$ cat work09.pdb   # PDB, C-alpha atoms, pLDDT in the B column
ATOM      1  CA  MET A   1       0.000   0.000   0.000  1.00 92.00           C
ATOM      2  CA  LEU A   2       1.293   3.455  -0.894  1.00 96.00           C
ATOM      3  CA  PRO A   3       1.820   5.873   2.016  1.00 97.00           C
ATOM      4  CA  ARG A   4      -1.048   8.346   2.382  1.00 98.00           C
ATOM      5  CA  LEU A   5      -0.277  12.058   2.016  1.00 98.00           C
ATOM      6  CA  ASP A   6      -2.294  15.210   2.486  1.00 98.00           C
ATOM      7  CA  ILE A   7      -1.927  18.016  -0.051  1.00 98.00           C
ATOM      8  CA  ALA A   8       0.719  19.902   1.938  1.00 98.00           C
ATOM      9  CA  LYS A   9       2.890  16.799   2.381  1.00 98.00           C
ATOM     10  CA  ALA A  10       2.497  15.916  -1.307  1.00 98.00           C
ATOM     11  CA  ILE A  11       3.688  19.382  -2.329  1.00 98.00           C
ATOM     12  CA  GLU A  12       6.648  19.069   0.053  1.00 98.00           C
ATOM     13  CA  ALA A  13       7.530  15.693  -1.461  1.00 98.00           C
ATOM     14  CA  MET A  14       7.547  17.122  -4.985  1.00 98.00           C
ATOM     15  CA  GLN A  15       9.544  20.169  -3.919  1.00 98.00           C
ATOM     16  CA  ALA A  16      12.099  17.733  -2.485  1.00 98.00           C
ATOM     17  CA  GLY A  17      12.390  15.922  -5.826  1.00 97.00           C
ATOM     18  CA  GLY A  18       9.862  13.153  -5.292  1.00 97.00           C
ATOM     19  CA  SER A  19       6.767  11.982  -7.132  1.00 98.00           C
ATOM     20  CA  VAL A  20       3.238  11.499  -5.822  1.00 98.00           C
ATOM     21  CA  VAL A  21       0.026   9.785  -6.905  1.00 98.00           C
ATOM     22  CA  PHE A  22      -3.130  11.904  -6.925  1.00 98.00           C
ATOM     23  CA  PRO A  23      -6.589  12.095  -8.533  1.00 97.00           C
ATOM     24  CA  THR A  24      -7.570  14.041 -11.627  1.00 96.00           C
ATOM     25  CA  GLU A  25     -11.043  14.144 -13.161  1.00 93.00           C
ATOM     26  CA  THR A  26      -9.999  11.460 -15.652  1.00 93.00           C
ATOM     27  CA  CYS A  27      -7.834   8.985 -13.718  1.00 94.00           C
ATOM     28  CA  PHE A  28      -5.321   8.844 -10.882  1.00 96.00           C
ATOM     29  CA  GLY A  29      -2.002  10.261 -12.022  1.00 96.00           C
ATOM     30  CA  ILE A  30       1.600  10.212 -10.925  1.00 98.00           C
ATOM     31  CA  GLY A  31       3.221  13.619 -10.862  1.00 97.00           C
ATOM     32  CA  CYS A  32       6.334  15.627 -10.091  1.00 98.00           C
ATOM     33  CA  ARG A  33       7.795  19.044 -10.829  1.00 98.00           C
ATOM     34  CA  ALA A  34       7.973  19.299 -14.609  1.00 97.00           C
ATOM     35  CA  TYR A  35      11.280  21.194 -14.466  1.00 96.00           C
ATOM     36  CA  ASP A  36      13.011  18.540 -12.302  1.00 97.00           C
ATOM     37  CA  ALA A  37      14.763  16.170 -14.729  1.00 96.00           C
ATOM     38  CA  ASN A  38      15.705  13.698 -11.973  1.00 97.00           C
ATOM     39  CA  ALA A  39      12.128  13.522 -10.728  1.00 97.00           C
ATOM     40  CA  VAL A  40      10.866  13.001 -14.288  1.00 96.00           C
ATOM     41  CA  ASP A  41      13.354  10.131 -14.656  1.00 95.00           C
ATOM     42  CA  GLY A  42      11.940   8.697 -11.426  1.00 95.00           C
ATOM     43  CA  ILE A  43       8.416   8.690 -12.847  1.00 96.00           C
ATOM     44  CA  MET A  44       9.606   6.913 -15.969  1.00 94.00           C
ATOM     45  CA  ARG A  45      11.300   4.264 -13.835  1.00 94.00           C
ATOM     46  CA  ALA A  46       8.227   3.921 -11.593  1.00 94.00           C
ATOM     47  CA  LYS A  47       6.012   3.293 -14.628  1.00 94.00           C
ATOM     48  CA  ASN A  48       8.609   1.257 -16.564  1.00 91.00           C
ATOM     49  CA  ARG A  49       7.943   3.786 -19.321  1.00 89.00           C
ATOM     50  CA  PRO A  50      10.182   3.605 -22.395  1.00 86.00           C
ATOM     51  CA  GLN A  51      12.257   6.576 -23.490  1.00 83.00           C
ATOM     52  CA  GLY A  52      10.975   8.605 -26.420  1.00 86.00           C
ATOM     53  CA  LYS A  53       7.366   9.022 -25.275  1.00 87.00           C
ATOM     54  CA  PRO A  54       6.462  12.589 -24.260  1.00 91.00           C
ATOM     55  CA  LEU A  55       4.855  13.238 -20.878  1.00 94.00           C
ATOM     56  CA  PRO A  56       1.786  15.423 -20.328  1.00 95.00           C
ATOM     57  CA  VAL A  57       1.931  18.446 -18.042  1.00 97.00           C
ATOM     58  CA  LEU A  58      -0.623  20.067 -15.728  1.00 97.00           C
ATOM     59  CA  LEU A  59      -0.647  23.859 -15.520  1.00 96.00           C
ATOM     60  CA  PRO A  60      -1.910  26.088 -12.701  1.00 93.00           C
ATOM     61  CA  ASP A  61      -4.041  27.978 -15.263  1.00 91.00           C
ATOM     62  CA  ILE A  62      -4.014  29.148 -18.876  1.00 89.00           C
ATOM     63  CA  GLU A  63      -2.358  32.388 -17.772  1.00 90.00           C
ATOM     64  CA  TYR A  64       0.855  30.421 -17.242  1.00 89.00           C
ATOM     65  CA  LEU A  65       1.187  29.979 -21.008  1.00 85.00           C
ATOM     66  CA  LYS A  66       0.359  33.597 -21.743  1.00 82.00           C
ATOM     67  CA  ASN A  67       2.777  34.848 -19.083  1.00 85.00           C
ATOM     68  CA  HIS A  68       5.592  32.882 -20.735  1.00 80.00           C
ATOM     69  CA  GLY A  69       4.936  34.467 -24.109  1.00 77.00           C
ATOM     70  CA  LEU A  70       3.629  31.304 -25.745  1.00 80.00           C
ATOM     71  CA  GLU A  71       1.094  31.529 -28.547  1.00 81.00           C
ATOM     72  CA  SER A  72      -0.999  28.873 -30.266  1.00 87.00           C
ATOM     73  CA  PRO A  73      -4.217  28.890 -32.310  1.00 90.00           C
ATOM     74  CA  LEU A  74      -5.353  26.163 -29.889  1.00 93.00           C
ATOM     75  CA  PHE A  75      -5.492  28.474 -26.862  1.00 92.00           C
ATOM     76  CA  PRO A  76      -9.187  29.376 -27.385  1.00 93.00           C
ATOM     77  CA  LEU A  77      -9.934  25.695 -26.696  1.00 95.00           C
ATOM     78  CA  GLY A  78      -8.179  26.012 -23.353  1.00 95.00           C
ATOM     79  CA  VAL A  79     -10.208  29.121 -22.551  1.00 94.00           C
ATOM     80  CA  ALA A  80     -13.413  27.231 -23.394  1.00 96.00           C
ATOM     81  CA  PHE A  81     -12.743  23.825 -21.844  1.00 96.00           C
ATOM     82  CA  TRP A  82     -10.270  24.356 -18.985  1.00 96.00           C
ATOM     83  CA  PRO A  83     -10.352  23.297 -16.270  1.00 96.00           C
ATOM     84  CA  GLY A  84     -11.318  20.004 -17.827  1.00 95.00           C
ATOM     85  CA  PRO A  85     -10.312  16.814 -19.659  1.00 95.00           C
ATOM     86  CA  LEU A  86      -8.668  18.442 -22.683  1.00 97.00           C
ATOM     87  CA  THR A  87      -4.939  18.239 -23.462  1.00 97.00           C
ATOM     88  CA  LEU A  88      -3.497  20.719 -25.966  1.00 96.00           C
ATOM     89  CA  VAL A  89      -0.251  19.901 -27.789  1.00 96.00           C
ATOM     90  CA  VAL A  90       1.573  23.239 -27.973  1.00 93.00           C
ATOM     91  CA  PRO A  91       5.168  24.479 -28.330  1.00 91.00           C
ATOM     92  CA  ALA A  92       7.208  23.570 -25.263  1.00 91.00           C
ATOM     93  CA  PHE A  93       8.010  26.348 -22.833  1.00 86.00           C
ATOM     94  CA  PRO A  94      11.675  26.979 -21.955  1.00 87.00           C
ATOM     95  CA  GLY A  95      13.384  24.861 -19.336  1.00 89.00           C
ATOM     96  CA  LEU A  96      11.437  21.620 -19.689  1.00 92.00           C
ATOM     97  CA  PRO A  97      13.682  18.544 -19.532  1.00 94.00           C
ATOM     98  CA  ALA A  98      14.132  16.642 -22.788  1.00 92.00           C
ATOM     99  CA  GLN A  99      12.312  13.630 -21.287  1.00 92.00           C
ATOM    100  CA  VAL A 100       9.078  15.646 -21.077  1.00 95.00           C
ATOM    101  CA  THR A 101       9.010  16.600 -24.750  1.00 94.00           C
ATOM    102  CA  ALA A 102      10.822  13.476 -26.033  1.00 92.00           C
ATOM    103  CA  GLY A 103      12.738  15.733 -28.401  1.00 89.00           C
ATOM    104  CA  THR A 104       9.596  16.986 -30.167  1.00 90.00           C
ATOM    105  CA  HIS A 105       9.829  20.583 -28.856  1.00 90.00           C
ATOM    106  CA  MET A 106       6.108  20.200 -28.142  1.00 93.00           C
ATOM    107  CA  VAL A 107       4.270  19.449 -24.904  1.00 95.00           C
ATOM    108  CA  GLY A 108       0.769  18.308 -24.008  1.00 96.00           C
ATOM    109  CA  VAL A 109      -0.742  20.633 -21.392  1.00 96.00           C
ATOM    110  CA  ARG A 110      -4.015  20.908 -19.545  1.00 96.00           C
ATOM    111  CA  VAL A 111      -5.618  22.402 -16.450  1.00 97.00           C
ATOM    112  CA  SER A 112      -7.307  19.740 -14.338  1.00 96.00           C
ATOM    113  CA  ALA A 113     -10.806  20.238 -12.962  1.00 95.00           C
ATOM    114  CA  HIS A 114     -10.190  17.984  -9.929  1.00 97.00           C
ATOM    115  CA  PRO A 115      -9.811  20.077  -6.759  1.00 97.00           C
ATOM    116  CA  ILE A 116      -6.899  17.983  -5.452  1.00 98.00           C
ATOM    117  CA  ALA A 117      -4.975  18.210  -8.722  1.00 98.00           C
ATOM    118  CA  GLN A 118      -5.695  21.942  -8.809  1.00 97.00           C
ATOM    119  CA  ALA A 119      -4.478  22.364  -5.233  1.00 98.00           C
ATOM    120  CA  LEU A 120      -1.243  20.502  -5.941  1.00 98.00           C
ATOM    121  CA  VAL A 121      -0.245  22.422  -9.061  1.00 97.00           C
ATOM    122  CA  SER A 122      -1.368  25.733  -7.567  1.00 96.00           C
ATOM    123  CA  GLY A 123       0.571  24.990  -4.395  1.00 96.00           C
ATOM    124  CA  LEU A 124       3.673  24.245  -6.419  1.00 96.00           C
ATOM    125  CA  GLY A 125       3.115  27.368  -8.491  1.00 93.00           C
ATOM    126  CA  GLU A 126       4.642  25.714 -11.542  1.00 94.00           C
ATOM    127  CA  PRO A 127       3.843  22.947 -14.055  1.00 96.00           C
ATOM    128  CA  MET A 128       3.661  19.309 -12.974  1.00 97.00           C
ATOM    129  CA  VAL A 129       4.287  16.252 -15.083  1.00 97.00           C
ATOM    130  CA  ALA A 130       1.125  14.197 -14.688  1.00 96.00           C
ATOM    131  CA  THR A 131       0.738  10.837 -16.365  1.00 95.00           C
ATOM    132  CA  SER A 132      -1.488   7.905 -15.436  1.00 94.00           C
ATOM    133  CA  ALA A 133      -0.420   6.092 -12.268  1.00 96.00           C
ATOM    134  CA  ASN A 134      -0.001   2.636 -13.790  1.00 95.00           C
ATOM    135  CA  LEU A 135       2.763   0.519 -15.215  1.00 95.00           C
ATOM    136  CA  THR A 136       3.099   1.116 -18.938  1.00 93.00           C
ATOM    137  CA  GLY A 137       0.567  -0.971 -20.856  1.00 91.00           C
ATOM    138  CA  GLU A 138      -1.766  -1.478 -17.879  1.00 94.00           C
ATOM    139  CA  PRO A 139      -5.153   0.235 -17.440  1.00 92.00           C
ATOM    140  CA  ALA A 140      -5.198   3.701 -15.904  1.00 92.00           C
ATOM    141  CA  PRO A 141      -6.290   3.480 -12.248  1.00 95.00           C
ATOM    142  CA  ALA A 142      -9.628   4.980 -11.250  1.00 95.00           C
ATOM    143  CA  SER A 143      -9.472   4.354  -7.481  1.00 97.00           C
ATOM    144  CA  VAL A 144      -7.095   4.360  -4.521  1.00 97.00           C
ATOM    145  CA  GLU A 145      -7.274   0.555  -4.424  1.00 97.00           C
ATOM    146  CA  GLU A 146      -6.189   0.287  -8.065  1.00 97.00           C
ATOM    147  CA  CYS A 147      -3.289   2.664  -7.356  1.00 97.00           C
ATOM    148  CA  ASP A 148      -2.154   0.489  -4.439  1.00 97.00           C
ATOM    149  CA  GLN A 149      -2.232  -2.549  -6.727  1.00 96.00           C
ATOM    150  CA  ALA A 150      -0.486  -0.857  -9.674  1.00 95.00           C
ATOM    151  CA  GLY A 151       3.027  -1.876  -8.648  1.00 93.00           C
ATOM    152  CA  LEU A 152       4.626   1.576  -8.824  1.00 95.00           C
ATOM    153  CA  VAL A 153       7.942   1.848  -6.994  1.00 92.00           C
ATOM    154  CA  GLY A 154       9.876   4.829  -5.688  1.00 94.00           C
ATOM    155  CA  VAL A 155       6.770   6.974  -5.143  1.00 97.00           C
ATOM    156  CA  ALA A 156       6.568   9.232  -2.074  1.00 97.00           C
ATOM    157  CA  GLY A 157       2.905   8.467  -1.513  1.00 97.00           C
ATOM    158  CA  LEU A 158      -0.707   8.949  -2.570  1.00 98.00           C
ATOM    159  CA  VAL A 159      -3.264  11.677  -1.933  1.00 98.00           C
ATOM    160  CA  PRO A 160      -6.469   9.683  -1.373  1.00 97.00           C
ATOM    161  CA  ALA A 161      -9.814  10.575  -2.943  1.00 97.00           C
ATOM    162  CA  GLU A 162     -13.056   9.066  -4.159  1.00 96.00           C
ATOM    163  CA  PRO A 163     -12.971   7.007  -7.393  1.00 96.00           C
ATOM    164  CA  VAL A 164     -12.803   8.986 -10.641  1.00 94.00           C
ATOM    165  CA  ALA A 165     -13.964   8.399 -14.213  1.00 85.00           C
ATOM    166  CA  GLY A 166     -11.059   6.189 -15.253  1.00 73.00           C
ATOM    167  CA  SER A 167     -10.973   7.694 -18.732  1.00 81.00           C
ATOM    168  CA  ALA A 168      -8.267   9.660 -20.550  1.00 86.00           C
ATOM    169  CA  SER A 169      -8.458  13.280 -21.670  1.00 92.00           C
ATOM    170  CA  THR A 170      -9.105  14.329 -25.243  1.00 95.00           C
ATOM    171  CA  VAL A 171      -5.762  15.245 -26.863  1.00 96.00           C
ATOM    172  CA  VAL A 172      -5.679  17.751 -29.707  1.00 97.00           C
ATOM    173  CA  GLY A 173      -2.973  19.384 -31.774  1.00 96.00           C
ATOM    174  CA  MET A 174      -2.454  20.950 -35.161  1.00 94.00           C
ATOM    175  CA  ILE A 175      -1.043  19.566 -38.402  1.00 92.00           C
ATOM    176  CA  ASP A 176      -0.746  21.788 -41.482  1.00 90.00           C
ATOM    177  CA  GLY A 177      -2.950  24.407 -39.861  1.00 89.00           C
ATOM    178  CA  ASP A 178      -5.853  22.078 -39.119  1.00 91.00           C
ATOM    179  CA  LEU A 179      -7.146  20.707 -35.838  1.00 94.00           C
ATOM    180  CA  VAL A 180      -6.144  17.072 -35.236  1.00 95.00           C
ATOM    181  CA  ILE A 181      -7.480  14.807 -32.500  1.00 96.00           C
ATOM    182  CA  HIS A 182      -4.619  12.622 -31.299  1.00 95.00           C
ATOM    183  CA  ARG A 183      -6.737  10.805 -28.708  1.00 94.00           C
ATOM    184  CA  VAL A 184     -10.512  10.644 -28.461  1.00 93.00           C
ATOM    185  CA  GLY A 185     -11.830  11.484 -25.015  1.00 92.00           C
ATOM    186  CA  PRO A 186     -14.710  13.106 -23.140  1.00 93.00           C
ATOM    187  CA  ILE A 187     -14.733  16.267 -25.297  1.00 95.00           C
ATOM    188  CA  GLY A 188     -15.804  15.423 -28.833  1.00 94.00           C
ATOM    189  CA  GLU A 189     -14.705  16.885 -32.159  1.00 93.00           C
ATOM    190  CA  ASP A 190     -18.005  18.691 -32.761  1.00 94.00           C
ATOM    191  CA  ALA A 191     -17.679  20.587 -29.479  1.00 95.00           C
ATOM    192  CA  LEU A 192     -14.058  21.446 -30.247  1.00 95.00           C
ATOM    193  CA  ARG A 193     -14.753  22.707 -33.748  1.00 93.00           C
ATOM    194  CA  ARG A 194     -17.594  24.921 -32.517  1.00 93.00           C
ATOM    195  CA  VAL A 195     -14.964  26.848 -30.557  1.00 93.00           C
ATOM    196  CA  TRP A 196     -11.785  26.557 -32.612  1.00 85.00           C
ATOM    197  CA  ARG A 197     -11.000  28.891 -35.455  1.00 72.00           C
ATOM    198  CA  PRO A 198      -7.735  28.575 -37.453  1.00 58.00           C
TER     199      PRO A 198
END

$ encode --input "work09.pdb" --output "structure tokens"
Amino acid sequence: MLPRLDIAKAIEAMQAGGSVVFPTETCFGIGCRAYDANAVDGIMRAKNRPQGKPLPVLLPDIEYLKNHGLESPLFPLGVAFWPGPLTLVVPAFPGLPAQVTAGTHMVGVRVSAHPIAQALVSGLGEPMVATSANLTGEPAPASVEECDQAGLVGVAGLVPAEPVAGSASTVVGMIDGDLVIHRVGPIGEDALRRVWRP
């Protein structure tokens, strides 16, 4: 069983270079400071995740992107659907370790609607890597019990919560100026295209 942490202890663990398991509105995730390359390596080891796969990032809010001078035609989707289960693939902001972008110079970002996830990233005041809290190839966990059984190693602990949806976010990007759905999720293409304008 993973050690139980409250929000303050989870933030302390990440500030100290550790990783924690916590709920989002889609599934339970494992997270760390996105700018901490050693902590990101630890998540990849915990999940037995192969190199070369980019890692998604949670933001405190959409203002974080604007404050760092980043622009993307996809940002209106963030305004419309964040906080919520939508990941936008946008140009990577400076300082992210290579493991996060997997050499693509792009990063998948979202703002979670779950109050615990929001409290963690807001408490950190900076982006968090947040990927599903399972071994690579296994189903994403939707409950504390599934997290305990997932077999993750080297994790500081878990912030407990009620079961969540167990689904993955919709992932969208752009190719040749057009909207592309990389992963189908709770927010459908019709809803996205009603908002998005190239």

$ atom_distance --input "work09.pdb" --atom1 "atom CA of A:Val109" --atom2 "atom CA of A:Gly151"
26.1 Å

$ residues_around --input "work09.pdb" --residues "A:Thr26" --least-positions-apart "5" --cutoff "12 Å" --atoms "all atoms listed in the file" --output "PyMOL selection string"
chain A and resi 83-87+110-114+117+130-133+140-143+163-170+185-187

$ resolve_selection --input "work09.pdb" --expression "the PyMOL selection byres ((chain A and resi 49) around 12)" --output "PyMOL selection string"
chain A and resi 40-48+50-55+99+131-138+152

$ closest_residue --input "work09.pdb" --among "A:Val153, A:Arg193, A:Gly173, A:Pro139" --to "A:Cys27" --atoms "only C-alpha atoms"
A:Pro139

$ atom_distance --input "work09.pdb" --atom1 "atom CA of A:Arg197" --atom2 "atom CA of A:Leu65"
18.9 Å

$ resolve_selection --input "work09.pdb" --expression "the PyMOL selection byres ((chain A and resi 105) around 10)" --output "PDB file with C-alpha atoms, in the frame of the given file"
ATOM      1  CA  PRO A  54       6.462  12.589 -24.260  1.00 91.00           C
ATOM      2  CA  VAL A  90       1.573  23.239 -27.973  1.00 93.00           C
ATOM      3  CA  PRO A  91       5.168  24.479 -28.330  1.00 91.00           C
ATOM      4  CA  ALA A  92       7.208  23.570 -25.263  1.00 91.00           C
ATOM      5  CA  PHE A  93       8.010  26.348 -22.833  1.00 86.00           C
ATOM      6  CA  PRO A  94      11.675  26.979 -21.955  1.00 87.00           C
ATOM      7  CA  LEU A  96      11.437  21.620 -19.689  1.00 92.00           C
ATOM      8  CA  ALA A  98      14.132  16.642 -22.788  1.00 92.00           C
ATOM      9  CA  VAL A 100       9.078  15.646 -21.077  1.00 95.00           C
ATOM     10  CA  THR A 101       9.010  16.600 -24.750  1.00 94.00           C
ATOM     11  CA  ALA A 102      10.822  13.476 -26.033  1.00 92.00           C
ATOM     12  CA  GLY A 103      12.738  15.733 -28.401  1.00 89.00           C
ATOM     13  CA  THR A 104       9.596  16.986 -30.167  1.00 90.00           C
ATOM     14  CA  MET A 106       6.108  20.200 -28.142  1.00 93.00           C
ATOM     15  CA  VAL A 107       4.270  19.449 -24.904  1.00 95.00           C
TER      16      VAL A 107
END

$ closest_residue --input "work09.pdb" --among "A:Glu63, A:Asp176, A:Glu145, A:Glu189" --to "A:Ala161" --atoms "all atoms listed in the file"
A:Glu145

$ closest_residue --input "work09.pdb" --among "A:Trp196, A:Pro23, A:Cys147, A:Leu5" --to "A:Phe81" --atoms "only C-alpha atoms"
A:Trp196

$ atom_distance --input "work09.pdb" --atom1 "atom CA of A:Leu120" --atom2 "atom CA of A:Leu158"
12.0 Å

$ residues_around --input "work09.pdb" --residues "A:Glu126" --least-positions-apart "5" --cutoff "10 Å" --atoms "all atoms listed in the file" --output "PDB file with C-alpha atoms, in the coordinates of the input"
ATOM      1  CA  ARG A  33       7.795  19.044 -10.829  1.00 98.00           C
ATOM      2  CA  ALA A  34       7.973  19.299 -14.609  1.00 97.00           C
ATOM      3  CA  TYR A  35      11.280  21.194 -14.466  1.00 96.00           C
ATOM      4  CA  LEU A  58      -0.623  20.067 -15.728  1.00 97.00           C
ATOM      5  CA  LEU A  59      -0.647  23.859 -15.520  1.00 96.00           C
ATOM      6  CA  PRO A  60      -1.910  26.088 -12.701  1.00 93.00           C
ATOM      7  CA  ASP A  61      -4.041  27.978 -15.263  1.00 91.00           C
ATOM      8  CA  TYR A  64       0.855  30.421 -17.242  1.00 89.00           C
ATOM      9  CA  LEU A 120      -1.243  20.502  -5.941  1.00 98.00           C
ATOM     10  CA  VAL A 121      -0.245  22.422  -9.061  1.00 97.00           C
TER      11      VAL A 121
END

$ resolve_selection --input "work09.pdb" --expression "the PyMOL selection byres ((chain A and resi 179) around 9)" --output "PyMOL selection string"
chain A and resi 74+172-178+180-181+192-193+196+198

$ axis_aligned_box --input "work09.pdb" --around "stretch 103-110 of chain A" --padding-each-side "3 Å" --output "lines of an AutoDock Vina configuration file"
center_x = 4.4
center_y = 18.3
center_z = -24.9
size_x = 22.8
size_y = 11.2
size_z = 16.6

$ closest_atom_pairs --input "work09.pdb" --of "stretch 129-183 of chain A" --to "stretch 9-16 of chain A" --cutoff "8 Å" --atoms "all atoms listed in the file" --output "CSV"
residue,atom,partner,partner_atom,distance
A:Ala156,CA,A:Ala13,CA,6.6
A:Gly157,CA,A:Ala10,CA,7.5
A:Leu158,CA,A:Ala10,CA,7.8
A:Val159,CA,A:Ala10,CA,7.2

$ closest_residue --input "work09.pdb" --among "A:Val184, A:Ala191, A:Ala150, A:Leu124" --to "A:Leu2" --atoms "all atoms listed in the file"
A:Ala150

$ build_atoms --input "work09.pdb" --residues "stretch 143-168 of chain A" --atoms "N, CA and C atoms" --output "JSON list (two decimals), in the coordinates of the input"
[["chain", "number", "residue", "atom", "x", "y", "z"],
["A", 143, "SER", "N", -9.19, 4.35, -8.92],
["A", 143, "SER", "CA", -9.47, 4.35, -7.48],
["A", 143, "SER", "C", -8.17, 4.21, -6.70],
["A", 144, "VAL", "N", -8.25, 4.53, -5.42],
["A", 144, "VAL", "CA", -7.10, 4.36, -4.52],
["A", 144, "VAL", "C", -6.65, 2.90, -4.51],
["A", 145, "GLU", "N", -7.62, 1.98, -4.47],
["A", 145, "GLU", "CA", -7.27, 0.56, -4.42],
["A", 145, "GLU", "C", -6.49, 0.14, -5.67],
["A", 146, "GLU", "N", -6.91, 0.62, -6.83],
["A", 146, "GLU", "CA", -6.19, 0.29, -8.06],
["A", 146, "GLU", "C", -4.79, 0.90, -8.06],
["A", 147, "CYS", "N", -4.63, 2.06, -7.47],
["A", 147, "CYS", "CA", -3.29, 2.66, -7.36],
["A", 147, "CYS", "C", -2.39, 1.81, -6.47],
["A", 148, "ASP", "N", -2.93, 1.33, -5.35],
["A", 148, "ASP", "CA", -2.15, 0.49, -4.44],
["A", 148, "ASP", "C", -1.70, -0.79, -5.13],
["A", 149, "GLN", "N", -2.53, -1.28, -6.06],
["A", 149, "GLN", "CA", -2.23, -2.55, -6.73],
["A", 149, "GLN", "C", -1.42, -2.38, -8.01],
["A", 150, "ALA", "N", -1.10, -1.12, -8.37],
["A", 150, "ALA", "CA", -0.49, -0.86, -9.67],
["A", 150, "ALA", "C", 0.98, -1.28, -9.76],
["A", 151, "GLY", "N", 1.65, -1.43, -8.62],
["A", 151, "GLY", "CA", 3.03, -1.88, -8.65],
["A", 151, "GLY", "C", 4.05, -0.78, -8.88],
["A", 152, "LEU", "N", 3.68, 0.48, -8.66],
["A", 152, "LEU", "CA", 4.63, 1.58, -8.82],
["A", 152, "LEU", "C", 5.65, 1.54, -7.68],
["A", 153, "VAL", "N", 6.89, 1.82, -8.01],
["A", 153, "VAL", "CA", 7.94, 1.85, -6.99],
["A", 153, "VAL", "C", 8.60, 3.22, -6.97],
["A", 154, "GLY", "N", 9.16, 3.57, -5.81],
["A", 154, "GLY", "CA", 9.88, 4.83, -5.69],
["A", 154, "GLY", "C", 8.99, 6.05, -5.60],
["A", 155, "VAL", "N", 7.72, 5.87, -5.23],
["A", 155, "VAL", "CA", 6.77, 6.97, -5.14],
["A", 155, "VAL", "C", 6.66, 7.41, -3.68],
["A", 156, "ALA", "N", 6.62, 8.73, -3.45],
["A", 156, "ALA", "CA", 6.57, 9.23, -2.07],
["A", 156, "ALA", "C", 5.27, 8.86, -1.38],
["A", 157, "GLY", "N", 4.17, 8.81, -2.12],
["A", 157, "GLY", "CA", 2.90, 8.47, -1.51],
["A", 157, "GLY", "C", 1.74, 8.85, -2.39],
["A", 158, "LEU", "N", 0.54, 8.75, -1.83],
["A", 158, "LEU", "CA", -0.71, 8.95, -2.57],
["A", 158, "LEU", "C", -1.61, 9.90, -1.80],
["A", 159, "VAL", "N", -2.23, 10.82, -2.52],
["A", 159, "VAL", "CA", -3.26, 11.68, -1.93],
["A", 159, "VAL", "C", -4.60, 10.99, -2.18],
["A", 160, "PRO", "N", -5.25, 10.47, -1.14],
["A", 160, "PRO", "CA", -6.47, 9.68, -1.37],
["A", 160, "PRO", "C", -7.65, 10.54, -1.78],
["A", 161, "ALA", "N", -8.59, 9.91, -2.49],
["A", 161, "ALA", "CA", -9.81, 10.58, -2.94],
["A", 161, "ALA", "C", -10.81, 9.51, -3.37],
["A", 162, "GLU", "N", -12.02, 9.96, -3.64],
["A", 162, "GLU", "CA", -13.06, 9.07, -4.16],
["A", 162, "GLU", "C", -12.68, 8.59, -5.56],
["A", 163, "PRO", "N", -13.24, 7.47, -6.02],
["A", 163, "PRO", "CA", -12.97, 7.01, -7.39],
["A", 163, "PRO", "C", -13.31, 8.06, -8.43],
["A", 164, "VAL", "N", -12.60, 8.02, -9.55],
["A", 164, "VAL", "CA", -12.80, 8.99, -10.64],
["A", 164, "VAL", "C", -13.24, 8.24, -11.90],
["A", 165, "ALA", "N", -13.36, 8.96, -13.01],
["A", 165, "ALA", "CA", -13.96, 8.40, -14.21],
["A", 165, "ALA", "C", -13.19, 7.22, -14.79],
["A", 166, "GLY", "N", -11.86, 7.26, -14.68],
["A", 166, "GLY", "CA", -11.06, 6.19, -15.25],
["A", 166, "GLY", "C", -10.85, 6.30, -16.74],
["A", 167, "SER", "N", -11.15, 7.47, -17.30],
["A", 167, "SER", "CA", -10.97, 7.69, -18.73],
["A", 167, "SER", "C", -9.75, 8.57, -18.96],
["A", 168, "ALA", "N", -9.39, 8.79, -20.21],
["A", 168, "ALA", "CA", -8.27, 9.66, -20.55],
["A", 168, "ALA", "C", -8.80, 10.93, -21.18]]
